[in-house]
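Structure file model_31.pdb (PDB, C-alpha atoms, pLDDT in the B column) is printed below.
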```
ATOM      1  CA  MET H 128      82.129  98.138  90.898  1.00 84.00           C
ATOM      2  CA  LYS H 129      85.797  97.528  91.753  1.00 86.00           C
ATOM      3  CA  HIS H 130      86.917  97.524  95.373  1.00 90.00           C
ATOM      4  CA  THR H 131      90.514  97.633  96.568  1.00 92.00           C
ATOM      5  CA  LEU H 132      91.098  95.835  99.852  1.00 93.00           C
ATOM      6  CA  ALA H 133      94.228  96.124 101.975  1.00 94.00           C
ATOM      7  CA  VAL H 134      94.523  93.036 104.147  1.00 95.00           C
ATOM      8  CA  LEU H 135      97.178  92.925 106.861  1.00 96.00           C
ATOM      9  CA  VAL H 136      98.057  89.342 107.751  1.00 96.00           C
ATOM     10  CA  GLU H 137     100.597  87.495 109.844  1.00 95.00           C
ATOM     11  CA  ASN H 138     103.638  86.671 107.724  1.00 95.00           C
ATOM     12  CA  LYS H 139     103.273  82.870 107.864  1.00 92.00           C
ATOM     13  CA  SER H 140     103.212  80.143 105.265  1.00 93.00           C
ATOM     14  CA  GLY H 141      99.765  79.175 104.010  1.00 92.00           C
ATOM     15  CA  VAL H 142      98.067  82.501 104.786  1.00 93.00           C
ATOM     16  CA  LEU H 143      97.865  83.613 101.150  1.00 93.00           C
ATOM     17  CA  SER H 144      96.449  80.239 100.187  1.00 92.00           C
ATOM     18  CA  ARG H 145      93.697  80.518 102.813  1.00 92.00           C
ATOM     19  CA  VAL H 146      92.815  84.057 101.714  1.00 92.00           C
ATOM     20  CA  ALA H 147      92.683  83.111  98.010  1.00 90.00           C
ATOM     21  CA  SER H 148      90.646  79.976  98.665  1.00 90.00           C
ATOM     22  CA  LEU H 149      88.106  82.025 100.617  1.00 90.00           C
ATOM     23  CA  PHE H 150      87.385  83.960  97.422  1.00 87.00           C
ATOM     24  CA  SER H 151      87.152  80.871  95.235  1.00 86.00           C
ATOM     25  CA  ARG H 152      84.848  79.042  97.693  1.00 87.00           C
ATOM     26  CA  ARG H 153      82.449  81.996  97.604  1.00 84.00           C
ATOM     27  CA  GLY H 154      82.644  82.310  93.807  1.00 85.00           C
ATOM     28  CA  TYR H 155      84.209  85.793  93.874  1.00 85.00           C
ATOM     29  CA  ASN H 156      86.798  86.542  91.220  1.00 85.00           C
ATOM     30  CA  ILE H 157      89.992  88.358  92.191  1.00 90.00           C
ATOM     31  CA  ASP H 158      90.887  90.953  89.535  1.00 90.00           C
ATOM     32  CA  SER H 159      94.297  91.690  91.019  1.00 91.00           C
ATOM     33  CA  LEU H 160      96.364  90.410  93.929  1.00 93.00           C
ATOM     34  CA  ALA H 161      99.703  91.725  95.188  1.00 94.00           C
ATOM     35  CA  VAL H 162     101.502  90.576  98.335  1.00 94.00           C
ATOM     36  CA  GLY H 163     104.534  91.873 100.138  1.00 93.00           C
ATOM     37  CA  VAL H 164     106.072  92.199 103.545  1.00 94.00           C
ATOM     38  CA  THR H 165     105.419  95.489 105.371  1.00 94.00           C
ATOM     39  CA  GLU H 166     107.725  97.670 107.441  1.00 95.00           C
ATOM     40  CA  ASP H 167     107.234  94.991 110.134  1.00 95.00           C
ATOM     41  CA  SER H 168     108.731  91.696 108.923  1.00 93.00           C
ATOM     42  CA  ASP H 169     106.105  89.734 110.901  1.00 95.00           C
ATOM     43  CA  ILE H 170     103.262  91.298 108.880  1.00 96.00           C
ATOM     44  CA  SER H 171     102.449  91.026 105.177  1.00 96.00           C
ATOM     45  CA  ARG H 172     100.039  93.197 103.217  1.00 96.00           C
ATOM     46  CA  ILE H 173      97.787  91.690 100.583  1.00 95.00           C
ATOM     47  CA  THR H 174      96.228  94.164  98.156  1.00 94.00           C
ATOM     48  CA  ILE H 175      93.191  92.614  96.493  1.00 93.00           C
ATOM     49  CA  VAL H 176      91.015  94.132  93.779  1.00 92.00           C
ATOM     50  CA  VAL H 177      87.609  92.484  93.597  1.00 90.00           C
ATOM     51  CA  HIS H 178      84.507  93.199  91.510  1.00 86.00           C
ATOM     52  CA  GLY H 179      81.146  93.422  93.220  1.00 84.00           C
ATOM     53  CA  ASP H 180      78.535  95.589  94.840  1.00 86.00           C
ATOM     54  CA  ASP H 181      78.529  96.749  98.470  1.00 86.00           C
ATOM     55  CA  HIS H 182      76.954  93.464  99.573  1.00 88.00           C
ATOM     56  CA  VAL H 183      79.809  91.470  98.032  1.00 85.00           C
ATOM     57  CA  LEU H 184      82.327  93.786  99.708  1.00 87.00           C
ATOM     58  CA  GLU H 185      80.618  93.363 103.078  1.00 90.00           C
ATOM     59  CA  GLN H 186      80.563  89.558 102.764  1.00 89.00           C
ATOM     60  CA  VAL H 187      84.205  89.357 101.683  1.00 90.00           C
ATOM     61  CA  THR H 188      85.281  91.636 104.534  1.00 92.00           C
ATOM     62  CA  LYS H 189      83.353  89.590 107.127  1.00 92.00           C
ATOM     63  CA  GLN H 190      84.814  86.319 105.840  1.00 91.00           C
ATOM     64  CA  LEU H 191      88.374  87.696 105.768  1.00 93.00           C
ATOM     65  CA  ASN H 192      88.033  88.955 109.340  1.00 93.00           C
ATOM     66  CA  LYS H 193      87.100  85.417 110.446  1.00 93.00           C
ATOM     67  CA  LEU H 194      90.460  84.034 109.295  1.00 92.00           C
ATOM     68  CA  VAL H 195      92.835  83.558 112.226  1.00 90.00           C
ATOM     69  CA  ASP H 196      95.910  85.106 110.592  1.00 94.00           C
ATOM     70  CA  VAL H 197      94.106  88.235 109.358  1.00 95.00           C
ATOM     71  CA  ILE H 198      94.946  91.307 111.422  1.00 96.00           C
ATOM     72  CA  LYS H 199      92.979  94.029 109.615  1.00 95.00           C
ATOM     73  CA  VAL H 200      90.877  94.486 106.460  1.00 95.00           C
ATOM     74  CA  SER H 201      90.386  97.939 104.916  1.00 92.00           C
ATOM     75  CA  ASP H 202      88.547  99.093 101.787  1.00 91.00           C
ATOM     76  CA  ILE H 203      91.030 101.649 100.459  1.00 90.00           C
ATOM     77  CA  GLY H 204      89.580 102.503  97.065  1.00 77.00           C
ATOM     78  CA  GLY H 205      88.771 106.149  96.533  1.00 74.00           C
ATOM     79  CA  GLU H 206      90.087 109.638  96.032  1.00 73.00           C
ATOM     80  CA  ASP H 207      92.516 109.652  98.951  1.00 87.00           C
ATOM     81  CA  THR H 208      94.464 106.696  97.611  1.00 89.00           C
ATOM     82  CA  VAL H 209      97.733 106.507  95.702  1.00 90.00           C
ATOM     83  CA  GLU H 210      97.535 103.520  93.371  1.00 91.00           C
ATOM     84  CA  ARG H 211     100.268 102.079  91.161  1.00 94.00           C
ATOM     85  CA  GLU H 212     100.879  99.089  88.967  1.00 95.00           C
ATOM     86  CA  LEU H 213     104.110  97.904  87.341  1.00 96.00           C
ATOM     87  CA  VAL H 214     103.739  96.441  83.854  1.00 97.00           C
ATOM     88  CA  LEU H 215     106.311  94.943  81.490  1.00 98.00           C
ATOM     89  CA  ILE H 216     105.278  94.923  77.825  1.00 98.00           C
ATOM     90  CA  LYS H 217     107.276  93.071  75.153  1.00 98.00           C
ATOM     91  CA  VAL H 218     106.609  94.788  71.826  1.00 98.00           C
ATOM     92  CA  THR H 219     107.573  93.727  68.325  1.00 97.00           C
ATOM     93  CA  ALA H 220     110.196  96.251  67.210  1.00 97.00           C
ATOM     94  CA  ASP H 221     112.415  96.504  64.164  1.00 94.00           C
ATOM     95  CA  VAL H 222     114.718  99.243  62.922  1.00 94.00           C
ATOM     96  CA  ASP H 223     111.783 101.144  61.400  1.00 94.00           C
ATOM     97  CA  THR H 224     109.538 101.187  64.516  1.00 96.00           C
ATOM     98  CA  ARG H 225     112.099 101.382  67.321  1.00 97.00           C
ATOM     99  CA  ALA H 226     112.289 105.215  67.433  1.00 96.00           C
ATOM    100  CA  GLU H 227     108.506 105.570  67.601  1.00 97.00           C
ATOM    101  CA  ILE H 228     108.266 103.065  70.467  1.00 98.00           C
ATOM    102  CA  ILE H 229     110.992 104.940  72.361  1.00 97.00           C
ATOM    103  CA  GLN H 230     109.103 108.200  71.795  1.00 98.00           C
ATOM    104  CA  ILE H 231     105.877 106.694  73.198  1.00 98.00           C
ATOM    105  CA  ALA H 232     107.788 105.351  76.200  1.00 98.00           C
ATOM    106  CA  ASP H 233     109.288 108.801  76.835  1.00 98.00           C
ATOM    107  CA  ILE H 234     105.876 110.488  76.733  1.00 97.00           C
ATOM    108  CA  PHE H 235     104.592 108.073  79.397  1.00 98.00           C
ATOM    109  CA  ARG H 236     107.805 108.268  81.464  1.00 97.00           C
ATOM    110  CA  ALA H 237     108.234 104.564  80.820  1.00 98.00           C
ATOM    111  CA  ARG H 238     111.618 102.884  80.417  1.00 98.00           C
ATOM    112  CA  ILE H 239     113.019 100.603  77.760  1.00 98.00           C
ATOM    113  CA  VAL H 240     114.570  97.774  79.798  1.00 98.00           C
ATOM    114  CA  ASP H 241     115.543  95.356  77.020  1.00 97.00           C
ATOM    115  CA  VAL H 242     116.201  95.556  73.290  1.00 97.00           C
ATOM    116  CA  THR H 243     116.777  92.767  70.775  1.00 96.00           C
ATOM    117  CA  SER H 244     116.789  92.795  66.995  1.00 95.00           C
ATOM    118  CA  LYS H 245     113.089  91.848  66.937  1.00 96.00           C
ATOM    119  CA  SER H 246     111.578  93.265  70.138  1.00 97.00           C
ATOM    120  CA  MET H 247     111.752  95.719  73.019  1.00 98.00           C
ATOM    121  CA  ILE H 248     110.544  95.446  76.596  1.00 98.00           C
ATOM    122  CA  VAL H 249     108.899  98.557  78.013  1.00 98.00           C
ATOM    123  CA  GLU H 250     108.518  99.034  81.777  1.00 98.00           C
ATOM    124  CA  VAL H 251     105.690 101.346  82.822  1.00 98.00           C
ATOM    125  CA  THR H 252     104.561 102.297  86.301  1.00 97.00           C
ATOM    126  CA  GLY H 253     101.364 104.185  87.002  1.00 95.00           C
ATOM    127  CA  ASP H 254      97.679 104.043  87.675  1.00 92.00           C
ATOM    128  CA  GLU H 255      95.284 101.910  85.655  1.00 91.00           C
ATOM    129  CA  SER H 256      94.444 104.616  83.099  1.00 94.00           C
ATOM    130  CA  LYS H 257      98.122 105.306  82.309  1.00 96.00           C
ATOM    131  CA  VAL H 258      98.850 101.605  81.843  1.00 96.00           C
ATOM    132  CA  GLN H 259      95.808 101.174  79.590  1.00 96.00           C
ATOM    133  CA  ALA H 260      96.751 104.218  77.492  1.00 97.00           C
ATOM    134  CA  ILE H 261     100.311 103.079  76.753  1.00 98.00           C
ATOM    135  CA  GLU H 262      99.134  99.527  76.122  1.00 97.00           C
ATOM    136  CA  LYS H 263      96.632 100.818  73.562  1.00 97.00           C
ATOM    137  CA  LEU H 264      99.348 102.781  71.742  1.00 98.00           C
ATOM    138  CA  LEU H 265     101.817  99.883  71.766  1.00 98.00           C
ATOM    139  CA  ARG H 266      99.248  97.416  70.371  1.00 97.00           C
ATOM    140  CA  GLN H 267      99.766  98.832  66.864  1.00 97.00           C
ATOM    141  CA  PHE H 268     103.325  97.428  66.912  1.00 97.00           C
ATOM    142  CA  GLY H 269     102.244  94.004  68.169  1.00 97.00           C
ATOM    143  CA  ILE H 270     102.402  93.064  71.824  1.00 98.00           C
ATOM    144  CA  LYS H 271     104.172  89.716  72.185  1.00 98.00           C
ATOM    145  CA  GLU H 272     103.829  89.399  75.966  1.00 97.00           C
ATOM    146  CA  MET H 273     102.634  91.458  78.878  1.00 97.00           C
ATOM    147  CA  VAL H 274     102.820  90.977  82.642  1.00 96.00           C
ATOM    148  CA  SER H 275     101.566  93.090  85.527  1.00 94.00           C
ATOM    149  CA  THR H 276     102.226  93.183  89.252  1.00 91.00           C
ATOM    150  CA  GLY H 277      98.621  93.994  89.997  1.00 89.00           C
ATOM    151  CA  LYS H 278      97.497  97.094  91.812  1.00 92.00           C
ATOM    152  CA  ILE H 279      99.159  98.253  95.009  1.00 93.00           C
ATOM    153  CA  ALA H 280      97.754 101.171  96.969  1.00 92.00           C
ATOM    154  CA  LEU H 281      98.192 103.329 100.053  1.00 91.00           C
ATOM    155  CA  LEU H 282      95.870 105.845 101.650  1.00 89.00           C
ATOM    156  CA  ARG H 283      97.187 109.399 101.657  1.00 88.00           C
ATOM    157  CA  SER H 284      97.962 110.941 105.020  1.00 81.00           C
ATOM    158  CA  PRO H 285      95.350 113.457 106.181  1.00 76.00           C
ATOM    159  CA  THR H 286      96.389 117.083 105.854  1.00 68.00           C
ATOM    160  CA  LYS H 287      95.632 119.801 108.358  1.00 63.00           C
ATOM    161  CA  ASP H 288      93.757 122.868 107.143  1.00 53.00           C
TER     162      ASP H 288
END
```

Full structure transcribed into C-alpha coordinates:
Amino acid sequence: MKHTLAVLVENKSGVLSRVASLFSRRGYNIDSLAVGVTEDSDISRITIVVHGDDHVLEQVTKQLNKLVDVIKVSDIGGEDTVERELVLIKVTADVDTRAEIIQIADIFRARIVDVTSKSMIVEVTGDESKVQAIEKLLRQFGIKEMVSTGKIALLRSPTKD
(Lines of atoms letter the chains of each structure in order from A and count residues from 1; the text may use other names and numbers.)
(Lines give C-alpha, C1' and ligand atoms only; values in the text may rest on other atoms or scores of the structure.)
Protein backbone atom coordinates (compact mmCIF):
# COMPACT_ATOMS: atom_id res chain seq x y z
CA MET A 1 0.00 0.00 0.00
CA LYS A 2 1.23 3.52 -0.80
CA HIS A 3 1.38 6.14 1.93
CA THR A 4 1.89 9.86 1.40
CA LEU A 5 3.71 11.58 4.23
CA ALA A 6 3.95 15.34 4.72
CA VAL A 7 7.01 16.12 6.81
CA LEU A 8 7.55 19.66 8.06
CA VAL A 9 11.22 20.30 8.80
CA GLU A 10 13.45 23.20 9.71
CA ASN A 11 14.82 24.79 6.55
CA LYS A 12 18.50 23.96 7.18
CA SER A 13 21.21 22.33 5.14
CA GLY A 14 21.58 18.58 5.63
CA VAL A 15 17.99 17.94 6.77
CA LEU A 16 16.91 16.29 3.51
CA SER A 17 20.00 14.10 3.59
CA ARG A 18 19.21 12.91 7.12
CA VAL A 19 15.58 12.17 6.21
CA ALA A 20 16.54 10.24 3.05
CA SER A 21 19.26 8.27 4.82
CA LEU A 22 16.78 7.22 7.50
CA PHE A 23 14.79 5.44 4.79
CA SER A 24 17.82 3.78 3.22
CA ARG A 25 19.18 2.59 6.60
CA ARG A 26 15.85 0.88 7.31
CA GLY A 27 15.63 -0.61 3.81
CA TYR A 28 12.48 1.32 2.86
CA ASN A 29 12.23 2.51 -0.72
CA ILE A 30 10.99 6.03 -1.43
CA ASP A 31 8.63 6.01 -4.43
CA SER A 32 8.48 9.79 -4.68
CA LEU A 33 10.06 12.73 -2.89
CA ALA A 34 9.33 16.43 -3.36
CA VAL A 35 10.73 19.26 -1.24
CA GLY A 36 9.96 22.94 -1.09
CA VAL A 37 9.86 25.88 1.24
CA THR A 38 6.49 26.62 2.86
CA GLU A 39 4.71 29.91 3.49
CA ASP A 40 7.23 30.29 6.35
CA SER A 41 10.75 30.57 4.91
CA ASP A 42 12.19 28.86 8.01
CA ILE A 43 10.19 25.68 7.32
CA SER A 44 10.36 23.25 4.40
CA ARG A 45 7.83 20.57 3.52
CA ILE A 46 8.96 17.18 2.31
CA THR A 47 6.28 15.08 0.60
CA ILE A 48 7.30 11.43 0.60
CA VAL A 49 5.46 8.52 -0.99
CA VAL A 50 6.49 5.19 0.50
CA HIS A 51 5.27 1.63 -0.05
CA GLY A 52 4.44 -0.52 2.94
CA ASP A 53 1.83 -1.77 5.34
CA ASP A 54 0.63 0.04 8.47
CA HIS A 55 3.58 -1.34 10.45
CA VAL A 56 6.06 0.18 8.00
CA LEU A 57 4.20 3.50 8.17
CA GLU A 58 4.27 3.45 11.97
CA GLN A 59 8.01 2.69 12.06
CA VAL A 60 8.86 5.38 9.51
CA THR A 61 6.76 7.95 11.37
CA LYS A 62 8.41 7.12 14.72
CA GLN A 63 11.90 7.33 13.22
CA LEU A 64 11.17 10.64 11.46
CA ASN A 65 9.82 12.14 14.68
CA LYS A 66 13.12 11.28 16.40
CA LEU A 67 15.09 13.51 14.02
CA VAL A 68 15.93 16.85 15.63
CA ASP A 69 14.97 19.05 12.67
CA VAL A 70 11.59 17.38 12.08
CA ILE A 71 8.69 19.51 13.27
CA LYS A 72 5.69 17.37 12.28
CA VAL A 73 4.91 14.17 10.35
CA SER A 74 1.45 13.56 8.88
CA ASP A 75 0.03 10.70 6.79
CA ILE A 76 -2.03 12.67 4.28
CA GLY A 77 -3.08 9.99 1.81
CA GLY A 78 -6.80 9.59 1.36
CA GLU A 79 -10.00 11.04 0.01
CA ASP A 80 -9.63 14.50 1.54
CA THR A 81 -6.36 15.16 -0.24
CA VAL A 82 -5.57 17.15 -3.38
CA GLU A 83 -2.64 15.48 -5.10
CA ARG A 84 -0.71 16.67 -8.15
CA GLU A 85 2.37 15.77 -10.10
CA LEU A 86 4.13 17.70 -12.87
CA VAL A 87 5.55 15.58 -15.69
CA LEU A 88 7.51 16.55 -18.80
CA ILE A 89 7.40 13.98 -21.61
CA LYS A 90 9.61 14.26 -24.71
CA VAL A 91 7.85 12.43 -27.54
CA THR A 92 9.11 11.54 -30.99
CA ALA A 93 7.10 13.72 -33.38
CA ASP A 94 7.28 14.33 -37.10
CA VAL A 95 5.00 16.21 -39.47
CA ASP A 96 2.64 13.23 -39.71
CA THR A 97 2.16 12.66 -35.94
CA ARG A 98 2.38 16.21 -34.58
CA ALA A 99 -1.36 17.01 -34.92
CA GLU A 100 -2.38 13.81 -33.13
CA ILE A 101 0.01 14.51 -30.24
CA ILE A 102 -1.39 18.05 -29.92
CA GLN A 103 -4.92 16.62 -29.89
CA ILE A 104 -4.02 14.19 -27.07
CA ALA A 105 -2.41 17.02 -25.12
CA ASP A 106 -5.55 19.15 -25.53
CA ILE A 107 -7.80 16.35 -24.26
CA PHE A 108 -5.69 16.06 -21.10
CA ARG A 109 -5.35 19.85 -20.69
CA ALA A 110 -1.62 19.38 -21.12
CA ARG A 111 0.64 21.92 -22.82
CA ILE A 112 3.16 21.62 -25.61
CA VAL A 113 6.19 23.47 -24.22
CA ASP A 114 8.78 22.71 -26.90
CA VAL A 115 8.75 21.64 -30.54
CA THR A 116 11.63 20.59 -32.79
CA SER A 117 11.66 18.90 -36.17
CA LYS A 118 11.94 15.48 -34.50
CA SER A 119 10.24 15.81 -31.10
CA MET A 120 7.81 17.63 -28.83
CA ILE A 121 7.82 18.14 -25.08
CA VAL A 122 4.45 17.80 -23.37
CA GLU A 123 3.86 19.23 -19.89
CA VAL A 124 1.08 17.56 -17.92
CA THR A 125 -0.10 18.28 -14.40
CA GLY A 126 -2.53 16.07 -12.53
CA ASP A 127 -3.05 13.11 -10.29
CA GLU A 128 -1.34 9.77 -10.84
CA SER A 129 -4.11 8.29 -12.99
CA LYS A 130 -4.14 11.27 -15.39
CA VAL A 131 -0.36 11.14 -15.79
CA GLN A 132 -0.44 7.39 -16.41
CA ALA A 133 -3.24 7.73 -18.98
CA ILE A 134 -1.49 10.35 -21.11
CA GLU A 135 1.81 8.50 -20.83
CA LYS A 136 0.14 5.34 -22.13
CA LEU A 137 -1.29 7.20 -25.13
CA LEU A 138 1.99 8.95 -25.94
CA ARG A 139 3.99 5.69 -25.82
CA GLN A 140 2.74 4.77 -29.31
CA PHE A 141 4.74 7.72 -30.71
CA GLY A 142 7.91 6.82 -28.80
CA ILE A 143 8.81 8.47 -25.52
CA LYS A 144 12.41 9.68 -25.68
CA GLU A 145 12.61 11.04 -22.12
CA MET A 146 10.33 11.61 -19.18
CA VAL A 147 10.79 13.40 -15.86
CA SER A 148 8.45 13.92 -12.93
CA THR A 149 8.42 16.19 -9.90
CA GLY A 150 6.98 13.48 -7.72
CA LYS A 151 3.71 13.78 -5.88
CA ILE A 152 2.81 16.85 -3.87
CA ALA A 153 -0.33 16.94 -1.77
CA LEU A 154 -2.42 19.04 0.59
CA LEU A 155 -5.33 18.10 2.82
CA ARG A 156 -8.60 19.79 1.92
CA SER A 157 -10.03 22.22 4.43
CA PRO A 158 -12.98 20.83 6.39
CA THR A 159 -16.36 22.14 5.31
CA LYS A 160 -19.20 23.01 7.63
CA ASP A 161 -22.53 21.27 7.10

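Taking CA of Lys139 (chain H) and CA of Val214 (chain H) as the two end points, the separation is 27.6 Å.
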
| message | List as a VMD selection string the protein and nucleic acid residues near Arg238 (chain H), meaning an atom at most 7 Å away when only C-alpha atoms are counted, but skip any in the same chain fewer than 4 places from it. | response | chain H and resid 232 249 to 251

Given the PyMOL selection byres ((chain H and resi 212) around 7), the residues it picks as an mmCIF file with C-alpha atoms, in the frame of the given file:
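Result file is out_26.cif:
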```cif
data_model
loop_
_atom_site.group_PDB
_atom_site.id
_atom_site.type_symbol
_atom_site.label_atom_id
_atom_site.label_comp_id
_atom_site.auth_asym_id
_atom_site.auth_seq_id
_atom_site.Cartn_x
_atom_site.Cartn_y
_atom_site.Cartn_z
ATOM 1 C CA ARG H 211 100.268 102.079 91.161
ATOM 2 C CA LEU H 213 104.110 97.904 87.341
ATOM 3 C CA VAL H 214 103.739 96.441 83.854
ATOM 4 C CA THR H 252 104.561 102.297 86.301
ATOM 5 C CA GLY H 253 101.364 104.185 87.002
ATOM 6 C CA ASP H 254 97.679 104.043 87.675
ATOM 7 C CA SER H 275 101.566 93.090 85.527
ATOM 8 C CA THR H 276 102.226 93.183 89.252
ATOM 9 C CA GLY H 277 98.621 93.994 89.997
ATOM 10 C CA LYS H 278 97.497 97.094 91.812
ATOM 11 C CA ILE H 279 99.159 98.253 95.009
#
```

| task | For region 144-150 of chain H, list every protein, DNA or RNA residue within 12 Å, evaluated using all atoms listed in the file, and leave out those in the same chain fewer than 5 positions away; present the list as a ChimeraX atom specification. | result | /H:134-137,139,155-162,172-178,183-184,186-197,200

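Taking CA of Val222 (chain H) and CA of Ser256 (chain H) as the two end points, the separation is 29.1 Å.
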
| field | Length of the CA of Ser140 (chain H) to CA of Leu215 (chain H) vector [Å] | value | 28.2 Å
